[in-house]
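Visitor: One file: upload_30.tsv (TSV, C-alpha atoms).
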```tsv
chain	number	residue	atom	x	y	z
A	667	MET	CA	0.00	0.00	0.00
A	668	ASP	CA	1.14	3.57	-0.60
A	669	GLY	CA	0.22	4.99	2.83
A	670	ARG	CA	-3.40	5.70	1.93
A	671	MET	CA	-6.36	3.41	1.36
A	672	ASP	CA	-8.73	5.93	-0.21
A	673	GLY	CA	-8.24	4.46	-3.67
A	674	GLY	CA	-8.47	0.86	-2.51
A	675	ILE	CA	-11.64	0.71	-0.42
A	676	PRO	CA	-15.16	1.95	-1.14
A	677	PRO	CA	-16.74	4.88	0.71
A	678	LEU	CA	-17.42	3.97	4.33
A	679	VAL	CA	-20.72	2.55	5.54
A	680	ASP	CA	-21.53	4.08	8.91
A	681	GLN	CA	-23.68	1.41	10.51
A	682	HIS	CA	-24.76	3.46	13.54
A	683	SER	CA	-25.38	7.17	14.11
A	684	HIS	CA	-28.16	9.55	15.08
A	685	GLY	CA	-28.00	12.51	12.69
A	686	ALA	CA	-26.89	16.13	12.93
A	687	VAL	CA	-28.54	19.24	14.33
A	688	HIS	CA	-30.37	21.60	11.98
A	689	ALA	CA	-29.68	24.89	13.74
A	690	ASP	CA	-26.70	27.18	14.07
A	691	LEU	CA	-24.80	26.51	17.29
A	692	GLY	CA	-23.24	28.93	19.72
A	693	LEU	CA	-20.13	28.11	21.72
A	694	GLY	CA	-22.12	26.79	24.68
A	695	GLU	CA	-24.33	24.50	22.59
A	696	PHE	CA	-21.40	23.24	20.55
A	697	GLU	CA	-19.44	22.47	23.71
A	698	THR	CA	-22.40	20.62	25.22
A	699	HIS	CA	-22.44	18.23	22.27
A	700	LEU	CA	-18.64	18.01	22.27
A	701	ALA	CA	-18.73	17.14	25.98
A	702	GLU	CA	-21.04	14.22	25.25
A	703	ALA	CA	-18.64	13.00	22.57
A	704	ALA	CA	-15.78	13.31	25.07
A	705	GLY	CA	-17.73	11.17	27.55
A	706	SER	CA	-18.32	13.95	30.08
A	707	THR	CA	-21.53	14.98	31.82
A	708	GLY	CA	-20.22	17.88	33.90
A	709	PRO	CA	-18.66	21.26	33.12
A	710	ALA	CA	-15.14	21.59	31.79
A	711	PRO	CA	-12.44	22.18	34.44
A	712	PRO	CA	-11.86	25.85	35.28
A	713	GLY	CA	-9.84	27.66	32.64
A	714	THR	CA	-10.45	24.97	30.00
A	715	THR	CA	-13.07	24.02	27.43
A	716	PHE	CA	-14.13	20.70	25.93
A	717	PHE	CA	-11.93	21.54	22.97
A	718	ASP	CA	-9.25	20.48	25.50
A	719	SER	CA	-10.06	16.82	24.91
A	720	ARG	CA	-9.14	14.19	22.35
A	721	ALA	CA	-12.46	14.79	20.61
A	722	GLY	CA	-11.82	18.52	20.63
A	723	LEU	CA	-8.31	18.15	19.22
A	724	ALA	CA	-9.63	15.85	16.50
A	725	VAL	CA	-12.30	18.38	15.51
A	726	ARG	CA	-9.68	21.12	15.30
A	727	ARG	CA	-7.35	18.88	13.26
A	728	TRP	CA	-9.76	17.53	10.66
A	729	CYS	CA	-12.70	19.89	10.33
A	730	PRO	CA	-11.34	23.43	9.73
A	731	PRO	CA	-9.89	22.58	6.28
A	732	LEU	CA	-13.33	21.41	5.14
A	733	LEU	CA	-14.65	24.90	5.97
A	734	GLY	CA	-11.72	26.75	4.38
A	735	LEU	CA	-9.59	27.26	7.50
A	736	GLU	CA	-6.18	26.07	8.62
A	737	PRO	CA	-5.98	22.95	10.84
A	738	HIS	CA	-5.83	23.66	14.57
A	739	CYS	CA	-7.27	27.15	14.25
A	740	ALA	CA	-8.67	28.66	17.45
A	741	PRO	CA	-12.09	27.32	18.48
A	742	VAL	CA	-13.63	30.81	18.33
A	743	SER	CA	-12.38	31.23	14.75
A	744	TYR	CA	-13.76	27.86	13.77
A	745	LEU	CA	-17.18	28.53	15.26
A	746	ALA	CA	-17.27	32.00	13.70
A	747	ARG	CA	-16.62	30.45	10.28
A	748	ARG	CA	-19.31	27.85	10.97
A	749	ARG	CA	-21.85	30.59	11.74
A	750	GLU	CA	-20.71	32.62	8.72
A	751	LEU	CA	-21.44	29.70	6.41
A	752	GLY	CA	-24.69	28.84	8.15
A	753	ALA	CA	-25.68	25.51	9.66
A	754	TYR	CA	-26.91	23.95	6.42
A	755	ARG	CA	-23.91	24.82	4.24
A	756	ALA	CA	-21.37	24.00	6.98
A	757	GLY	CA	-23.09	20.69	7.61
A	758	ARG	CA	-23.02	19.82	3.91
A	759	LEU	CA	-19.31	20.60	3.62
A	760	LEU	CA	-18.47	18.53	6.67
A	761	LEU	CA	-20.62	15.53	5.81
A	762	ARG	CA	-19.52	15.47	2.17
A	763	GLY	CA	-15.90	15.63	3.27
A	764	ALA	CA	-16.19	12.79	5.77
A	765	GLY	CA	-15.70	9.97	3.27
A	766	ILE	CA	-18.91	8.18	4.26
A	767	GLY	CA	-21.12	7.00	1.42
A	768	THR	CA	-23.93	5.30	3.33
A	769	PHE	CA	-25.45	5.99	6.74
A	770	LEU	CA	-27.60	3.75	8.91
A	771	LEU	CA	-29.46	6.24	11.06
A	772	GLU	CA	-31.20	5.48	14.32
A	773	ALA	CA	-33.86	8.08	13.64
A	774	GLY	CA	-37.09	9.32	15.10
A	775	ALA	CA	-36.20	10.02	18.72
A	776	THR	CA	-36.20	13.78	18.21
A	777	GLY	CA	-37.05	16.18	15.42
A	778	ALA	CA	-34.03	18.30	16.33
A	779	LEU	CA	-31.76	15.95	14.35
A	780	THR	CA	-31.69	15.18	10.65
A	781	SER	CA	-33.89	12.42	9.29
A	782	PRO	CA	-32.34	9.76	7.02
A	783	ASP	CA	-33.53	11.65	3.92
A	784	GLU	CA	-32.16	14.96	5.20
A	785	LEU	CA	-28.82	13.42	6.08
A	786	ALA	CA	-28.57	11.71	2.69
A	787	ARG	CA	-29.19	15.01	0.86
A	788	ALA	CA	-26.71	16.92	2.98
A	789	ALA	CA	-24.01	14.26	2.65
A	790	GLU	CA	-24.73	13.58	-1.02
A	791	GLY	CA	-24.90	9.90	-0.08
A	792	ARG	CA	-27.48	7.35	0.97
A	793	ALA	CA	-29.14	6.81	4.33
A	794	HIS	CA	-31.33	4.07	5.74
A	795	GLU	CA	-33.47	4.04	8.86
A	796	VAL	CA	-32.79	1.84	11.86
A	797	VAL	CA	-35.94	1.68	14.03
A	798	ARG	CA	-35.27	1.86	17.75
A	799	LEU	CA	-37.79	-0.29	19.60
A	800	GLU	CA	-38.18	1.79	22.76
A	801	PRO	CA	-39.27	5.07	21.07
A	802	LEU	CA	-41.54	3.05	18.79
A	803	ALA	CA	-43.33	1.59	21.82
A	804	ALA	CA	-43.49	5.03	23.46
A	805	ARG	CA	-45.16	6.59	20.42
A	806	ILE	CA	-47.75	3.82	20.37
A	807	ALA	CA	-48.45	4.24	24.08
A	808	ASP	CA	-48.86	8.00	23.60
A	809	THR	CA	-51.54	7.55	20.95
A	810	THR	CA	-53.49	4.47	22.04
A	811	GLY	CA	-55.69	3.76	25.01
A	812	GLY	CA	-55.66	0.57	27.03
A	813	LEU	CA	-53.47	-2.47	27.34
A	814	ASP	CA	-55.00	-4.56	24.55
A	815	ALA	CA	-54.75	-1.72	22.06
A	816	PHE	CA	-51.12	-1.08	22.99
A	817	LEU	CA	-50.11	-4.71	22.51
A	818	ALA	CA	-52.01	-5.04	19.23
A	819	TYR	CA	-50.71	-1.81	17.74
A	820	THR	CA	-47.14	-2.60	18.83
A	821	ALA	CA	-47.24	-5.89	16.94
A	822	GLU	CA	-48.70	-4.14	13.91
A	823	ALA	CA	-46.12	-1.34	14.03
A	824	LEU	CA	-43.24	-3.80	14.16
A	825	TYR	CA	-44.61	-5.67	11.17
A	826	THR	CA	-45.11	-2.44	9.21
A	827	ALA	CA	-41.66	-1.11	10.09
A	828	SER	CA	-40.02	-4.34	8.97
A	829	GLY	CA	-41.18	-3.60	5.43
A	830	SER	CA	-39.21	-0.36	5.10
A	831	ALA	CA	-36.55	-0.22	7.83
A	832	THR	CA	-33.06	-1.62	7.37
A	833	ALA	CA	-32.77	-2.92	10.93
A	834	PHE	CA	-34.18	-2.69	14.43
A	835	ALA	CA	-32.22	-1.56	17.49
A	836	THR	CA	-32.66	-1.76	21.24
A	837	GLY	CA	-30.73	-1.25	24.43
A	838	VAL	CA	-30.54	-4.46	26.43
A	839	ALA	CA	-28.54	-5.37	29.53
A	840	PHE	CA	-29.70	-8.99	29.66
A	841	CYS	CA	-32.10	-11.23	27.78
A	842	ASP	CA	-33.28	-14.74	28.58
A	843	ASP	CA	-32.94	-17.54	26.07
A	844	SER	CA	-36.69	-17.62	25.38
A	845	PRO	CA	-39.44	-15.03	24.84
A	846	PRO	CA	-41.60	-14.08	27.84
A	847	ASP	CA	-45.02	-15.71	27.87
A	848	ALA	CA	-48.18	-13.73	27.12
A	849	ALA	CA	-49.15	-13.37	30.79
A	850	GLU	CA	-45.74	-11.91	31.67
A	851	VAL	CA	-45.94	-9.45	28.78
A	852	ARG	CA	-49.45	-8.30	29.73
A	853	GLU	CA	-48.43	-7.78	33.34
A	854	ALA	CA	-45.26	-5.86	32.42
A	855	ALA	CA	-46.99	-3.71	29.79
A	856	GLY	CA	-49.89	-2.92	32.12
A	857	ARG	CA	-47.53	-1.92	34.90
A	858	TRP	CA	-45.55	0.36	32.56
A	859	LEU	CA	-48.67	1.96	31.05
A	860	ARG	CA	-50.07	2.77	34.51
A	861	THR	CA	-46.93	4.53	35.72
A	862	ARG	CA	-45.46	6.15	32.60
A	863	ARG	CA	-45.70	9.78	31.58
A	864	THR	CA	-46.14	10.96	28.00
A	865	GLY	CA	-42.95	10.38	26.05
A	866	ASP	CA	-41.47	7.89	28.51
A	867	THR	CA	-39.81	4.89	26.85
A	868	PRO	CA	-40.18	1.40	28.31
A	869	ASP	CA	-37.55	0.23	30.77
A	870	ASP	CA	-39.23	-2.90	32.14
A	871	PRO	CA	-36.92	-5.88	31.36
A	872	VAL	CA	-39.84	-8.15	30.47
A	873	LEU	CA	-41.29	-5.61	28.04
A	874	ILE	CA	-37.88	-4.98	26.46
A	875	ARG	CA	-37.46	-8.73	26.10
A	876	HIS	CA	-40.83	-8.98	24.39
A	877	LEU	CA	-39.96	-6.18	21.95
A	878	LEU	CA	-36.59	-7.75	21.18
A	879	TRP	CA	-37.95	-11.22	20.48
A	880	SER	CA	-40.73	-9.66	18.38
A	881	ALA	CA	-38.10	-7.84	16.31
A	882	VAL	CA	-36.13	-11.07	15.89
A	883	ALA	CA	-39.27	-12.71	14.50
A	884	THR	CA	-39.39	-10.21	11.61
A	885	GLY	CA	-36.08	-11.48	10.20
A	886	LEU	CA	-34.49	-8.01	9.99
A	887	PRO	CA	-31.04	-7.53	11.51
A	888	VAL	CA	-31.17	-6.30	15.11
A	889	GLN	CA	-28.60	-3.98	16.69
A	890	LEU	CA	-28.08	-4.66	20.40
A	891	HIS	CA	-26.74	-1.76	22.45
A	892	CYS	CA	-25.19	-3.63	25.35
A	893	ALA	CA	-22.76	-2.41	27.98
A	894	ARG	CA	-21.63	-5.96	28.80
A	895	PRO	CA	-22.23	-8.20	25.79
A	896	GLN	CA	-21.27	-11.43	27.55
A	897	ARG	CA	-24.51	-11.22	29.54
A	898	LEU	CA	-26.35	-11.86	26.25
A	899	THR	CA	-24.61	-15.19	25.55
A	900	GLY	CA	-27.73	-17.26	26.30
A	901	PHE	CA	-29.86	-15.12	24.00
A	902	LEU	CA	-27.27	-15.29	21.23
A	903	ARG	CA	-27.16	-19.07	21.51
A	904	ALA	CA	-30.97	-19.31	21.48
A	905	THR	CA	-31.30	-17.24	18.30
A	906	ALA	CA	-28.66	-19.12	16.30
A	907	SER	CA	-31.26	-20.94	14.20
A	908	ARG	CA	-33.70	-18.04	13.78
A	909	GLY	CA	-32.27	-16.77	10.50
A	910	VAL	CA	-31.59	-13.27	11.82
A	911	ASP	CA	-28.30	-11.39	12.14
A	912	LEU	CA	-27.48	-9.66	15.44
A	913	VAL	CA	-24.99	-6.80	15.73
A	914	LEU	CA	-23.45	-6.05	19.12
A	915	LEU	CA	-22.79	-2.37	19.85
A	916	ALA	CA	-20.87	-2.59	23.09
A	917	ASP	CA	-19.35	0.28	25.02
A	918	PRO	CA	-15.67	0.96	24.18
A	919	TRP	CA	-14.42	-1.04	27.17
A	920	HIS	CA	-16.20	-4.22	26.05
A	921	ARG	CA	-15.76	-4.22	22.27
A	922	ARG	CA	-13.18	-6.95	22.56
A	923	GLN	CA	-15.73	-9.21	24.27
A	924	ALA	CA	-18.29	-8.35	21.59
A	925	ALA	CA	-15.80	-9.40	18.90
A	926	GLN	CA	-15.18	-12.67	20.72
A	927	LEU	CA	-18.92	-13.39	20.72
A	928	ALA	CA	-19.07	-12.51	17.02
A	929	ALA	CA	-16.36	-15.09	16.43
A	930	ALA	CA	-18.28	-17.70	18.44
A	931	PHE	CA	-21.70	-17.36	16.78
A	932	PRO	CA	-22.24	-17.40	13.00
A	933	HIS	CA	-25.17	-14.93	13.14
A	934	VAL	CA	-23.47	-12.40	15.45
A	935	TYR	CA	-21.43	-9.37	14.38
A	936	ALA	CA	-19.61	-6.68	16.34
A	937	ASP	CA	-19.27	-2.93	15.99
A	938	VAL	CA	-15.69	-1.62	16.11
A	939	GLY	CA	-16.51	2.07	16.33
A	940	ALA	CA	-13.68	4.18	14.99
A	941	ARG	CA	-10.87	2.12	16.58
A	942	PRO	CA	-10.54	-1.34	15.01
A	943	GLU	CA	-7.12	-2.31	16.37
A	944	GLU	CA	-8.15	-4.54	19.28
A	945	THR	CA	-11.23	-6.14	17.76
A	946	LEU	CA	-9.39	-7.30	14.62
A	947	ARG	CA	-7.43	-9.69	16.82
A	948	GLU	CA	-10.57	-11.32	18.18
A	949	ALA	CA	-12.87	-12.10	15.25
A	950	PRO	CA	-12.83	-12.88	11.54
A	951	PHE	CA	-12.64	-9.65	9.58
A	952	GLY	CA	-16.02	-10.28	7.95
A	953	LYS	CA	-17.71	-10.16	11.37
A	954	LEU	CA	-16.73	-6.55	12.19
A	955	LEU	CA	-18.33	-3.25	11.17
A	956	PHE	CA	-17.38	0.43	11.33
A	957	SER	CA	-19.59	3.10	12.87
A	958	THR	CA	-19.26	6.71	13.96
A	959	GLY	CA	-21.94	6.71	16.67
A	960	ALA	CA	-22.21	10.41	15.82
A	961	ARG	CA	-24.95	12.55	17.31
A	962	ALA	CA	-25.76	16.23	16.76
A	963	LEU	CA	-22.41	17.54	15.43
A	964	ALA	CA	-21.58	16.93	11.77
A	965	GLU	CA	-17.97	17.21	12.91
A	966	LEU	CA	-18.25	13.90	14.74
A	967	TYR	CA	-18.85	12.06	11.46
A	968	VAL	CA	-15.65	13.58	10.08
A	969	VAL	CA	-13.61	12.77	13.18
A	970	ALA	CA	-14.73	9.14	13.48
A	971	ALA	CA	-14.21	8.47	9.77
A	972	ARG	CA	-10.70	9.98	9.85
A	973	LEU	CA	-9.74	8.07	13.02
A	974	PHE	CA	-10.98	4.79	11.58
A	975	THR	CA	-9.32	5.22	8.20
A	976	ARG	CA	-5.98	6.23	9.70
A	977	ALA	CA	-6.09	3.37	12.22
A	978	MET	CA	-6.77	0.86	9.44
A	979	GLU	CA	-3.99	2.37	7.32
A	980	ARG	CA	-1.47	2.03	10.15
A	981	LEU	CA	-2.55	-1.48	11.04
A	982	MET	CA	-2.58	-2.77	7.48
A	983	ARG	CA	0.83	-1.20	6.75
A	984	ASP	CA	2.21	-2.99	9.80
A	985	TRP	CA	0.69	-6.29	8.73
A	986	VAL	CA	2.12	-5.98	5.23
A	987	ALA	CA	5.53	-4.98	6.59
A	988	ASP	CA	5.52	-7.94	8.99
A	989	GLY	CA	4.51	-10.36	6.25
A	990	TRP	CA	1.06	-11.18	7.63
A	991	CYS	CA	-0.56	-10.40	4.29
A	992	ARG	CA	0.03	-8.79	0.92
A	993	ALA	CA	-1.01	-5.24	0.08
A	994	ALA	CA	-4.02	-6.36	-1.96
A	995	GLU	CA	-5.20	-8.55	0.91
A	996	ALA	CA	-4.81	-5.65	3.33
A	997	VAL	CA	-7.05	-3.50	1.17
A	998	ARG	CA	-9.64	-6.28	1.05
A	999	ILE	CA	-9.58	-6.66	4.85
A	1000	ALA	CA	-9.99	-2.93	5.34
A	1001	SER	CA	-12.81	-2.88	2.81
A	1002	LEU	CA	-14.72	-5.59	4.69
A	1003	VAL	CA	-14.68	-3.69	7.97
A	1004	ALA	CA	-15.22	-0.29	6.33
A	1005	ALA	CA	-18.18	-1.25	4.19
A	1006	GLY	CA	-18.38	-4.80	2.86
A	1007	THR	CA	-19.69	-6.53	5.96
A	1008	ALA	CA	-22.32	-3.85	6.53
A	1009	ARG	CA	-23.52	-4.15	2.93
A	1010	ARG	CA	-23.97	-7.89	3.38
A	1011	VAL	CA	-25.52	-7.90	6.87
A	1012	TYR	CA	-27.98	-5.09	6.15
A	1013	ARG	CA	-28.61	-6.21	2.54
A	1014	LEU	CA	-27.68	-2.80	1.24
A	1015	ASP	CA	-26.84	-3.94	-2.26
A	1016	ALA	CA	-30.31	-5.45	-2.53
A	1017	ALA	CA	-31.63	-2.02	-1.51
A	1018	ALA	CA	-29.78	-0.50	-4.49
A	1019	VAL	CA	-27.20	1.32	-2.41
```
Output the file's structure in the form of structure tokens.
Guide:
Amino acid sequence: MDGRMDGGIPPLVDQHSHGAVHADLGLGEFETHLAEAAGSTGPAPPGTTFFDSRAGLAVRRWCPPLLGLEPHCAPVSYLARRRELGAYRAGRLLLRGAGIGTFLLEAGATGALTSPDELARAAEGRAHEVVRLEPLAARIADTTGGLDAFLAYTAEALYTASGSATAFATGVAFCDDSPPDAAEVREAAGRWLRTRRTGDTPDDPVLIRHLLWSAVATGLPVQLHCARPQRLTGFLRATASRGVDLVLLADPWHRRQAAQLAAAFPHVYADVGARPEETLREAPFGKLLFSTGARALAELYVVAARLFTRAMERLMRDWVADGWCRAAEAVRIASLVAAGTARRVYRLDAAAV
């Protein structure tokens, strides 16, 4: 390889993100979103900002040139240029410069973020919707009355969504190796409906289990947001013959375990985020998928794509230099993780991507 893989792999497929904000952002709003990306929930230390973080440094390194500025320009200069261009034009320049061709967007939780169609137009790419189960159930509960109606409309909504969505997604800490029975589901749903407020998403483990098994029954791929993926081993084993692919989106500290589970089960895949180094040691390359996980800031798409591409470049150069593989094989490996596996798992080529 010649130090870059841009000519050897297709545009990235981002298998998990949430969209970008529509509005112009002031310093405070921008920093709030940057803080979330940096993994912080509190204020920045006195005398600093959240640009004083790895995420902040990455934004300053990769994003200013896309808006016509020098790398590492001052944050105030960058944000001034962003406002000068306007949110829509700045977002387009950033998204189109990210190197991502296809987005799988977990959409619908809030109208403040771009829809799949809006993101596709801004990025001059393609976007597909991933339906999150919890907000889907919340919307049904907000608009229906009574337990029977909620259960019936939830089943209908899942069936309808399976005809247009690319995948389902849910957050799950643990799931048994069998679906809950009807009596358990009725009791859990009734309890949640009695105590919830408008807009509340379900958090009852039995109800989440019911939604997850119902999604599995549709045959669409299901993304599992799981802090500790090993707790799902029984569920993964139980679904092995169901004809559905499951993608583990673990937190950064447990991606290695997710990759190990992907290696153990033929129908299980693992998200590598923007840092593939550790997971590539744990699973076949065709079981791993790139994602940005970006939310709100278009800059986060750019940063994650750059970090991933550079990490793969370094790793593949090392493998070629050490004799693990030839240059052409390195490009093929990178292409699988960057896009190929996602196209196969989510049937994107069949969707004319």
Visitor: Between region 810-866 of chain A and region 799-804 of chain A, at 9 Å or less, what are the per-residue closest atom pairs and their distances in Å? Count all atoms listed in the file, order by chain and rising residue number, and return it as CSV.
Guide:
```
residue,atom,partner,partner_atom,distance
A:Phe816,CA,A:Ala803,CA,8.3
A:Thr820,CA,A:Ala803,CA,6.4
A:Ala823,CA,A:Leu802,CA,7.9
A:Leu824,CA,A:Leu802,CA,8.4
A:Phe834,CA,A:Leu799,CA,6.7
A:Ala835,CA,A:Leu799,CA,6.1
A:Thr836,CA,A:Leu799,CA,5.6
A:Gly837,CA,A:Glu800,CA,8.2
A:Thr864,CA,A:Ala804,CA,7.9
A:Gly865,CA,A:Ala804,CA,6.0
A:Asp866,CA,A:Ala804,CA,6.1
```
Visitor: Restricting it to C-alpha atoms, dump the selection as a tab-separated table (two decimals), in the coordinates of the input.
Guide:
```
chain	number	residue	atom	x	y	z
A	816	PHE	CA	-51.12	-1.08	22.99
A	820	THR	CA	-47.14	-2.60	18.83
A	823	ALA	CA	-46.12	-1.34	14.03
A	824	LEU	CA	-43.24	-3.80	14.16
A	834	PHE	CA	-34.18	-2.69	14.43
A	835	ALA	CA	-32.22	-1.56	17.49
A	836	THR	CA	-32.66	-1.76	21.24
A	837	GLY	CA	-30.73	-1.25	24.43
A	864	THR	CA	-46.14	10.96	28.00
A	865	GLY	CA	-42.95	10.38	26.05
A	866	ASP	CA	-41.47	7.89	28.51
```
Visitor: Out of A:Arg921, A:Arg749, A:Arg857, A:Arg875, which residue has the shortest atom-to-atom distance to Leu955 (chain A) when counting only C-alpha atoms?
Guide: A:Arg921
Visitor: For each of A:Arg863, A:Leu700, A:Val986, A:Leu693, take the minimum atom-to-atom distance to Ser743 (chain A), counting all atoms listed in the file, then give the residue where this is smallest.
Guide: A:Leu693
Visitor: So which residues touch region 983-985 of chain A within 12 Å, counting all atoms listed in the file, skipping near sequence neighbours fewer than 2 positions away, as a PDB file with C-alpha atoms, in the coordinates of the input?
Guide:
```pdb
ATOM      1  CA  MET A 667       0.000   0.000   0.000  1.00  0.00           C
ATOM      2  CA  ASP A 668       1.140   3.570  -0.600  1.00  0.00           C
ATOM      3  CA  GLY A 669       0.220   4.990   2.830  1.00  0.00           C
ATOM      4  CA  ARG A 670      -3.400   5.700   1.930  1.00  0.00           C
ATOM      5  CA  MET A 671      -6.360   3.410   1.360  1.00  0.00           C
ATOM      6  CA  GLU A 943      -7.120  -2.310  16.370  1.00  0.00           C
ATOM      7  CA  LEU A 946      -9.390  -7.300  14.620  1.00  0.00           C
ATOM      8  CA  ARG A 947      -7.430  -9.690  16.820  1.00  0.00           C
ATOM      9  CA  ARG A 976      -5.980   6.230   9.700  1.00  0.00           C
ATOM     10  CA  ALA A 977      -6.090   3.370  12.220  1.00  0.00           C
ATOM     11  CA  MET A 978      -6.770   0.860   9.440  1.00  0.00           C
ATOM     12  CA  GLU A 979      -3.990   2.370   7.320  1.00  0.00           C
ATOM     13  CA  ARG A 980      -1.470   2.030  10.150  1.00  0.00           C
ATOM     14  CA  LEU A 981      -2.550  -1.480  11.040  1.00  0.00           C
ATOM     15  CA  ALA A 987       5.530  -4.980   6.590  1.00  0.00           C
ATOM     16  CA  ASP A 988       5.520  -7.940   8.990  1.00  0.00           C
ATOM     17  CA  GLY A 989       4.510 -10.360   6.250  1.00  0.00           C
ATOM     18  CA  TRP A 990       1.060 -11.180   7.630  1.00  0.00           C
ATOM     19  CA  CYS A 991      -0.560 -10.400   4.290  1.00  0.00           C
ATOM     20  CA  ARG A 992       0.030  -8.790   0.920  1.00  0.00           C
ATOM     21  CA  ALA A 993      -1.010  -5.240   0.080  1.00  0.00           C
ATOM     22  CA  ALA A 994      -4.020  -6.360  -1.960  1.00  0.00           C
ATOM     23  CA  GLU A 995      -5.200  -8.550   0.910  1.00  0.00           C
ATOM     24  CA  ALA A 996      -4.810  -5.650   3.330  1.00  0.00           C
ATOM     25  CA  VAL A 997      -7.050  -3.500   1.170  1.00  0.00           C
ATOM     26  CA  ILE A 999      -9.580  -6.660   4.850  1.00  0.00           C
ATOM     27  CA  ALA A1000      -9.990  -2.930   5.340  1.00  0.00           C
TER      28      ALA A1000
END
```
Visitor: So which residues touch region 770-774 of chain A within 6 Å, counting only C-alpha atoms, skipping near sequence neighbours fewer than 4 positions away, as a PyMOL selection string?
Guide: chain A and resi 681-684+793-796
Visitor: Ranking A:Thr958, A:Thr768, A:Ser828, A:Thr899 by minimum distance to Phe931 (chain A) and counting only C-alpha atoms, which one comes first?
Guide: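 Of A:Thr958, A:Thr768, A:Ser828, A:Thr899, the one nearest Phe931 (chain A), counting only C-alpha atoms, is A:Thr899.
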